[in-house]
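Chemist: Dumping the structure here so I can ask a few things about it.
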Amino acid sequence: MKADILFFDLDGTLTESKPGIMGGIRYAVNSLGLEMPPDEILDNFIGPSLLDSFEKYMGLTGELGQRALEEYRVYYGRQGEFENSVYDGVEQMLGTLKDAGKKLYVVTAKPEPAAKRIIAHFGLGKYFDQVFGASLDESRNHKKAVITYALEECGAGNTDGIVMIGDRHDDVNGALSSGIGIVGVLYGYGTEEELTGAGCSLIAKTPGEVTDIILGAD
């Protein structure tokens with residue numbers, strides 16, 4: 001696998017963001033007076049589009065789904081986005097890859113303004129050329145759509161040498177359907193079964209293993 005341009009997912013790949021996301025979902029559910037799903041269901045919300053997850057796991061469609069998303073954003077914008085931490089080894093991984101001449105980008109289904117604030121808050125901006133995320137109007141809210149947007153903004157003439165690094169099935173699906181490479185990570189929120197089931201064959205258990213896979217491809 002040739003690897004010159006690296007697209008990094010955010011939640012579950014760069015940062016451990018579960019506390020803030022769970023807080024936001026619980027706030028939304030309570031605000032709407034709905035029954036709280038069990039934790040094992042709530043865990044599935046991390047990574048994919050929240051609007052899709054509210055529909056898939058709670059049956060919230062149309063206006064009700066949109067209201068849930070808006071309530072979530074109230075909490076997340078107020079405090080949730082910084083109830084978050086950078087995984088051990090991530091900065092070393094990013095620094096090593098950048099020093100090796102790779103171009104690094106954040107490509108996330110999280111709204112772009114929030115993603116930029118989080119990257120700046122944790123001092124990770126020095127590693128990335130740009131941060132690409134979902135649009136607030138939900139017109140670009142799936143990983144494949146964000147990847148397409150990132151490819152256009154990067155001016156990539158073709159997908160050769162572009163690799164997505166992420167922890168969930170939507171990272172795998174988005175990468176494969178876009179014709180770019182994929183490396184799955186197991187230190188985030190997805191399982192090996194989820195990643196391999198979606199078609200991912202290169203899997204890293206740690207940020208250090210991500211570095212080894214990418215640089216070993218040279």
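We name chains A, B, ... following the order of the structure tokens; residues begin at 1 in each chain, and ligands are numbered from 1 as shown.
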Using only C-alpha atoms, what table do you get, as a Markdown table, when you list each residue of region 72-168 of chain A with an atom no more than 9 Å from region 186-197 of chain A, its nearest pair of atoms, and their distance in Å rounded to one decimal, rows by chain then rising number?
Modeler:
```
| residue | atom | partner | partner_atom | distance |
| --- | --- | --- | --- | --- |
| A:Tyr87 | CA | A:Tyr187 | CA | 8.6 |
| A:Gly166 | CA | A:Gly188 | CA | 8.4 |
| A:Asp167 | CA | A:Gly190 | CA | 5.2 |
| A:Arg168 | CA | A:Gly190 | CA | 4.9 |
```
Chemist: Near Ile182 (chain A), counting only C-alpha atoms, which residues have an atom at most 10 Å away, once you skip same-chain residues fewer than 2 positions from it, shown as a CSV table (one decimal) with all heavy atoms, in the first residue's frame?
Modeler:
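Final file, result-v9.csv:
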```csv
chain,number,residue,atom,x,y,z
A,1,MET,N,0.8,-1.2,0.0
A,1,MET,CA,0.0,0.0,0.0
A,1,MET,C,0.9,1.2,0.0
A,1,MET,O,1.7,1.5,0.9
A,1,MET,CB,-0.9,0.0,1.3
A,1,MET,CG,-1.7,1.3,1.4
A,1,MET,SD,-2.5,1.5,3.0
A,1,MET,CE,-3.6,0.2,3.0
A,6,LEU,N,-2.6,11.0,4.4
A,6,LEU,CA,-3.3,10.2,5.4
A,6,LEU,C,-4.5,11.0,6.0
A,6,LEU,O,-4.3,12.2,6.4
A,6,LEU,CB,-2.3,10.0,6.6
A,6,LEU,CG,-1.0,9.3,6.2
A,6,LEU,CD1,-0.1,9.1,7.4
A,6,LEU,CD2,-1.2,7.9,5.5
A,7,PHE,N,-5.6,10.4,5.9
A,7,PHE,CA,-6.9,10.9,6.4
A,7,PHE,C,-7.1,10.3,7.8
A,7,PHE,O,-7.4,9.1,7.9
A,7,PHE,CB,-8.0,10.6,5.5
A,7,PHE,CG,-8.1,11.4,4.2
A,7,PHE,CD1,-9.0,11.1,3.3
A,7,PHE,CD2,-7.2,12.4,4.0
A,7,PHE,CE1,-9.1,11.9,2.1
A,7,PHE,CE2,-7.2,13.1,2.8
A,7,PHE,CZ,-8.2,12.9,1.8
A,162,ILE,N,-3.5,7.5,-1.0
A,162,ILE,CA,-4.3,8.1,0.1
A,162,ILE,C,-4.9,7.0,1.0
A,162,ILE,O,-5.5,6.1,0.5
A,162,ILE,CB,-5.5,9.0,-0.5
A,162,ILE,CG1,-4.9,10.1,-1.4
A,162,ILE,CG2,-6.3,9.6,0.6
A,162,ILE,CD1,-5.9,10.9,-2.1
A,163,VAL,N,-4.7,7.2,2.3
A,163,VAL,CA,-5.1,6.1,3.2
A,163,VAL,C,-6.0,6.8,4.3
A,163,VAL,O,-5.6,7.8,4.9
A,163,VAL,CB,-3.9,5.4,3.8
A,163,VAL,CG1,-4.4,4.4,4.8
A,163,VAL,CG2,-3.1,4.8,2.7
A,164,MET,N,-7.1,6.1,4.7
A,164,MET,CA,-7.9,6.5,5.8
A,164,MET,C,-7.5,5.7,7.0
A,164,MET,O,-7.3,4.5,6.9
A,164,MET,CB,-9.4,6.3,5.4
A,164,MET,CG,-10.4,6.6,6.5
A,164,MET,SD,-10.8,8.4,6.6
A,164,MET,CE,-10.9,8.7,8.3
A,165,ILE,N,-7.4,6.4,8.2
A,165,ILE,CA,-7.1,5.6,9.4
A,165,ILE,C,-8.3,5.9,10.3
A,165,ILE,O,-8.6,7.1,10.7
A,165,ILE,CB,-5.8,6.1,10.1
A,165,ILE,CG1,-4.6,5.8,9.2
A,165,ILE,CG2,-5.6,5.4,11.4
A,165,ILE,CD1,-4.1,7.0,8.4
A,166,GLY,N,-9.0,4.8,10.7
A,166,GLY,CA,-10.2,5.0,11.6
A,166,GLY,C,-10.6,3.8,12.3
A,166,GLY,O,-10.0,2.7,12.1
A,171,ASP,N,-15.8,4.3,8.7
A,171,ASP,CA,-14.5,4.7,8.1
A,171,ASP,C,-14.1,3.7,7.0
A,171,ASP,O,-13.6,4.1,5.9
A,171,ASP,CB,-13.4,4.6,9.2
A,171,ASP,CG,-13.6,5.7,10.3
A,171,ASP,OD1,-13.8,6.8,10.0
A,171,ASP,OD2,-13.7,5.3,11.5
A,172,VAL,N,-14.3,2.4,7.3
A,172,VAL,CA,-13.9,1.4,6.3
A,172,VAL,C,-14.8,1.5,5.0
A,172,VAL,O,-14.3,1.6,3.9
A,172,VAL,CB,-14.1,0.0,6.9
A,172,VAL,CG1,-13.7,-1.1,5.8
A,172,VAL,CG2,-13.2,-0.2,8.1
A,173,ASN,N,-16.1,1.6,5.2
A,173,ASN,CA,-17.0,1.7,4.1
A,173,ASN,C,-16.8,3.0,3.3
A,173,ASN,O,-16.8,2.9,2.1
A,173,ASN,CB,-18.5,1.7,4.6
A,173,ASN,CG,-18.9,0.4,5.3
A,173,ASN,OD1,-18.3,-0.6,5.0
A,173,ASN,ND2,-19.9,0.5,6.1
A,174,GLY,N,-16.5,4.1,4.0
A,174,GLY,CA,-16.3,5.4,3.3
A,174,GLY,C,-15.0,5.3,2.5
A,174,GLY,O,-15.0,5.8,1.3
A,175,ALA,N,-14.0,4.7,3.0
A,175,ALA,CA,-12.7,4.6,2.3
A,175,ALA,C,-12.8,3.7,1.1
A,175,ALA,O,-12.4,4.0,0.0
A,175,ALA,CB,-11.6,4.1,3.3
A,176,LEU,N,-13.3,2.5,1.3
A,176,LEU,CA,-13.4,1.5,0.2
A,176,LEU,C,-14.3,2.0,-0.9
A,176,LEU,O,-14.0,1.8,-2.1
A,176,LEU,CB,-13.9,0.2,0.7
A,176,LEU,CG,-13.0,-0.5,1.7
A,176,LEU,CD1,-13.6,-1.9,2.2
A,176,LEU,CD2,-11.6,-0.8,1.1
A,179,GLY,N,-12.4,4.5,-3.0
A,179,GLY,CA,-11.2,4.0,-3.7
A,179,GLY,C,-9.9,4.4,-3.0
A,179,GLY,O,-8.9,4.4,-3.7
A,180,ILE,N,-9.9,4.6,-1.7
A,180,ILE,CA,-8.7,4.9,-1.0
A,180,ILE,C,-8.4,3.7,0.0
A,180,ILE,O,-9.3,2.9,0.3
A,180,ILE,CB,-8.7,6.2,-0.2
A,180,ILE,CG1,-9.7,6.2,0.9
A,180,ILE,CG2,-9.1,7.4,-1.2
A,180,ILE,CD1,-9.7,7.5,1.8
A,184,GLY,N,-7.5,0.1,9.9
A,184,GLY,CA,-8.4,0.2,11.1
A,184,GLY,C,-7.6,0.1,12.4
A,184,GLY,O,-6.5,-0.4,12.4
A,185,VAL,N,-8.2,0.8,13.4
A,185,VAL,CA,-7.5,0.8,14.7
A,185,VAL,C,-8.4,0.2,15.8
A,185,VAL,O,-9.6,0.4,15.7
A,185,VAL,CB,-7.1,2.2,15.1
A,185,VAL,CG1,-6.1,2.8,14.1
A,185,VAL,CG2,-8.2,3.1,15.4
A,199,GLY,N,-14.6,-5.1,5.7
A,199,GLY,CA,-13.6,-5.3,4.6
A,199,GLY,C,-12.2,-4.7,4.8
A,199,GLY,O,-11.4,-4.6,3.9
A,200,CYS,N,-11.9,-4.4,6.1
A,200,CYS,CA,-10.6,-3.9,6.5
A,200,CYS,C,-9.6,-5.1,6.7
A,200,CYS,O,-9.9,-5.9,7.6
A,200,CYS,CB,-10.7,-3.0,7.7
A,200,CYS,SG,-9.2,-2.2,8.1
A,201,SER,N,-8.5,-5.1,6.0
A,201,SER,CA,-7.5,-6.1,6.2
A,201,SER,C,-6.3,-5.7,7.0
A,201,SER,O,-5.5,-6.5,7.5
A,201,SER,CB,-7.1,-6.7,4.9
A,201,SER,OG,-6.6,-5.7,4.0
A,202,LEU,N,-6.1,-4.4,7.1
A,202,LEU,CA,-4.9,-3.9,7.8
A,202,LEU,C,-5.4,-3.3,9.1
A,202,LEU,O,-6.1,-2.3,9.1
A,202,LEU,CB,-4.2,-2.8,7.0
A,202,LEU,CG,-3.4,-3.3,5.8
A,202,LEU,CD1,-2.8,-2.2,5.0
A,202,LEU,CD2,-2.3,-4.3,6.2
A,203,ILE,N,-5.0,-3.8,10.3
A,203,ILE,CA,-5.5,-3.4,11.5
A,203,ILE,C,-4.4,-3.2,12.5
A,203,ILE,O,-3.5,-4.0,12.6
A,203,ILE,CB,-6.5,-4.4,12.1
A,203,ILE,CG1,-7.8,-4.5,11.2
A,203,ILE,CG2,-7.0,-4.0,13.5
A,203,ILE,CD1,-8.8,-5.5,11.6
```
Chemist: Find the distance between CA of Lys98 (chain A) and CA of Pro207 (chain A) and write it in Å to one decimal.
Modeler: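 Those two atoms sit 13.9 Å apart.
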Chemist: Of the candidates A:Leu124, A:Val146, A:Ala3, A:Ala28, which one gets nearest to Val90 (chain A) if we count only C-alpha atoms?
Modeler: A:Leu124
Chemist: Hey, what does DSSP flag as strand (DSSP E or B) within region 16-190 of chain A? Can you give it to me as a PyMOL selection string?
Modeler: chain A and resi 16+85-86+103-111+130-134+162-166+181-185
Chemist: Produce a file of the selected residues containing C-alpha atoms, as an mmCIF file, in the first residue's frame.
Modeler:
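That gives us out-v7.cif:
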```cif
data_model
loop_
_atom_site.group_PDB
_atom_site.id
_atom_site.type_symbol
_atom_site.label_atom_id
_atom_site.label_comp_id
_atom_site.auth_asym_id
_atom_site.auth_seq_id
_atom_site.Cartn_x
_atom_site.Cartn_y
_atom_site.Cartn_z
ATOM 1 C CA GLU A 16 -11.017 9.390 23.524
ATOM 2 C CA SER A 85 -8.508 13.373 25.827
ATOM 3 C CA VAL A 86 -5.797 12.478 23.319
ATOM 4 C CA LYS A 103 0.608 14.903 4.511
ATOM 5 C CA LEU A 104 -1.904 14.571 7.336
ATOM 6 C CA TYR A 105 -5.559 15.609 7.410
ATOM 7 C CA VAL A 106 -8.413 15.141 9.864
ATOM 8 C CA VAL A 107 -11.474 13.671 8.113
ATOM 9 C CA THR A 108 -14.387 13.229 10.511
ATOM 10 C CA ALA A 109 -18.175 12.972 10.532
ATOM 11 C CA LYS A 110 -18.132 15.398 13.472
ATOM 12 C CA PRO A 111 -19.221 18.940 12.475
ATOM 13 C CA GLN A 130 -6.341 20.846 7.243
ATOM 14 C CA VAL A 131 -9.383 19.620 9.177
ATOM 15 C CA PHE A 132 -12.392 18.365 7.214
ATOM 16 C CA GLY A 133 -15.714 17.560 8.851
ATOM 17 C CA ALA A 134 -19.455 17.354 8.435
ATOM 18 C CA ILE A 162 -4.332 8.143 0.068
ATOM 19 C CA VAL A 163 -5.142 6.147 3.201
ATOM 20 C CA MET A 164 -7.919 6.533 5.797
ATOM 21 C CA ILE A 165 -7.150 5.640 9.420
ATOM 22 C CA GLY A 166 -10.219 5.012 11.579
ATOM 23 C CA GLY A 181 -6.767 2.654 1.379
ATOM 24 C CA ILE A 182 -7.861 1.889 4.936
ATOM 25 C CA VAL A 183 -6.108 1.055 8.189
ATOM 26 C CA GLY A 184 -8.397 0.161 11.075
ATOM 27 C CA VAL A 185 -7.489 0.798 14.718
#
```
Chemist: Within 9 Å of Ser31 (chain A), counting only C-alpha atoms, which residues qualify if same-chain residues fewer than 5 places away don't, as a list of chain:residue names?
Modeler: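 That gives A:Arg26, A:Ala68, A:Glu71.
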Chemist: Calculate how many Å separate CA of Leu97 (chain A) from CA of Asp4 (chain A), rounding to one decimal.
Modeler: 9.6 Å
Chemist: Please measure the separation of CA of Leu64 (chain A) and CA of Lys116 (chain A), giving the value in Å to one decimal.
Modeler: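 The value is 27.8 Å.
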Chemist: Hey, which of A:Val210, A:Lys126, A:Met22, A:Leu151 ends up closest to Gly95 (chain A)? Count only C-alpha atoms.
Modeler: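 Ranking A:Val210, A:Lys126, A:Met22, A:Leu151 by distance to Gly95 (chain A), first place goes to A:Lys126.
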Chemist: Which residues in chain A does DSSP call alpha helix (DSSP H)? List them as a VMD selection string.
Modeler: chain A and resid 18 to 31 39 to 42 50 to 58 62 to 78 90 to 99 112 to 121 143 to 154 169 to 178 192 to 197 207 to 216
Chemist: For Ala114 (chain A), which of A:Phe82, A:Tyr127, A:Phe8, A:Phe45 is the closest residue, counting only C-alpha atoms?
Modeler: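 Ranking A:Phe82, A:Tyr127, A:Phe8, A:Phe45 by distance to Ala114 (chain A), first place goes to A:Phe82.
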Chemist: Which of these, A:Pro38, A:Ala100, A:Ile46, A:Leu51, has the shortest distance to Ser139 (chain A) once you count only C-alpha atoms?
Modeler: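 Result for the nearest residue to Ser139 (chain A): A:Leu51.
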Chemist: For a quick check of understanding, using only C-alpha atoms, which of A:Gly161, A:Gly59, A:Gly89, A:Gly80 has the smallest distance to Lys102 (chain A)?
Modeler: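 That would be A:Gly161, the residue with the smallest distance to Lys102 (chain A).
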Chemist: When distances are computed from only C-alpha atoms, which of A:Ala120, A:Asn141, A:Gly24, A:Ile214 shows the smallest separation from Gln79 (chain A)?
Modeler: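 Result for the nearest residue to Gln79 (chain A): A:Gly24.
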Chemist: Give me, as number ranges by chain, all polymer residues having an atom no more than 12 Å from Asp52 (chain A), counting only C-alpha atoms and skipping those fewer than 2 positions away in the same chain.
Modeler: A: 44-50, 54-62, 65-66, 68-69, 109, 138, 141-143, 170
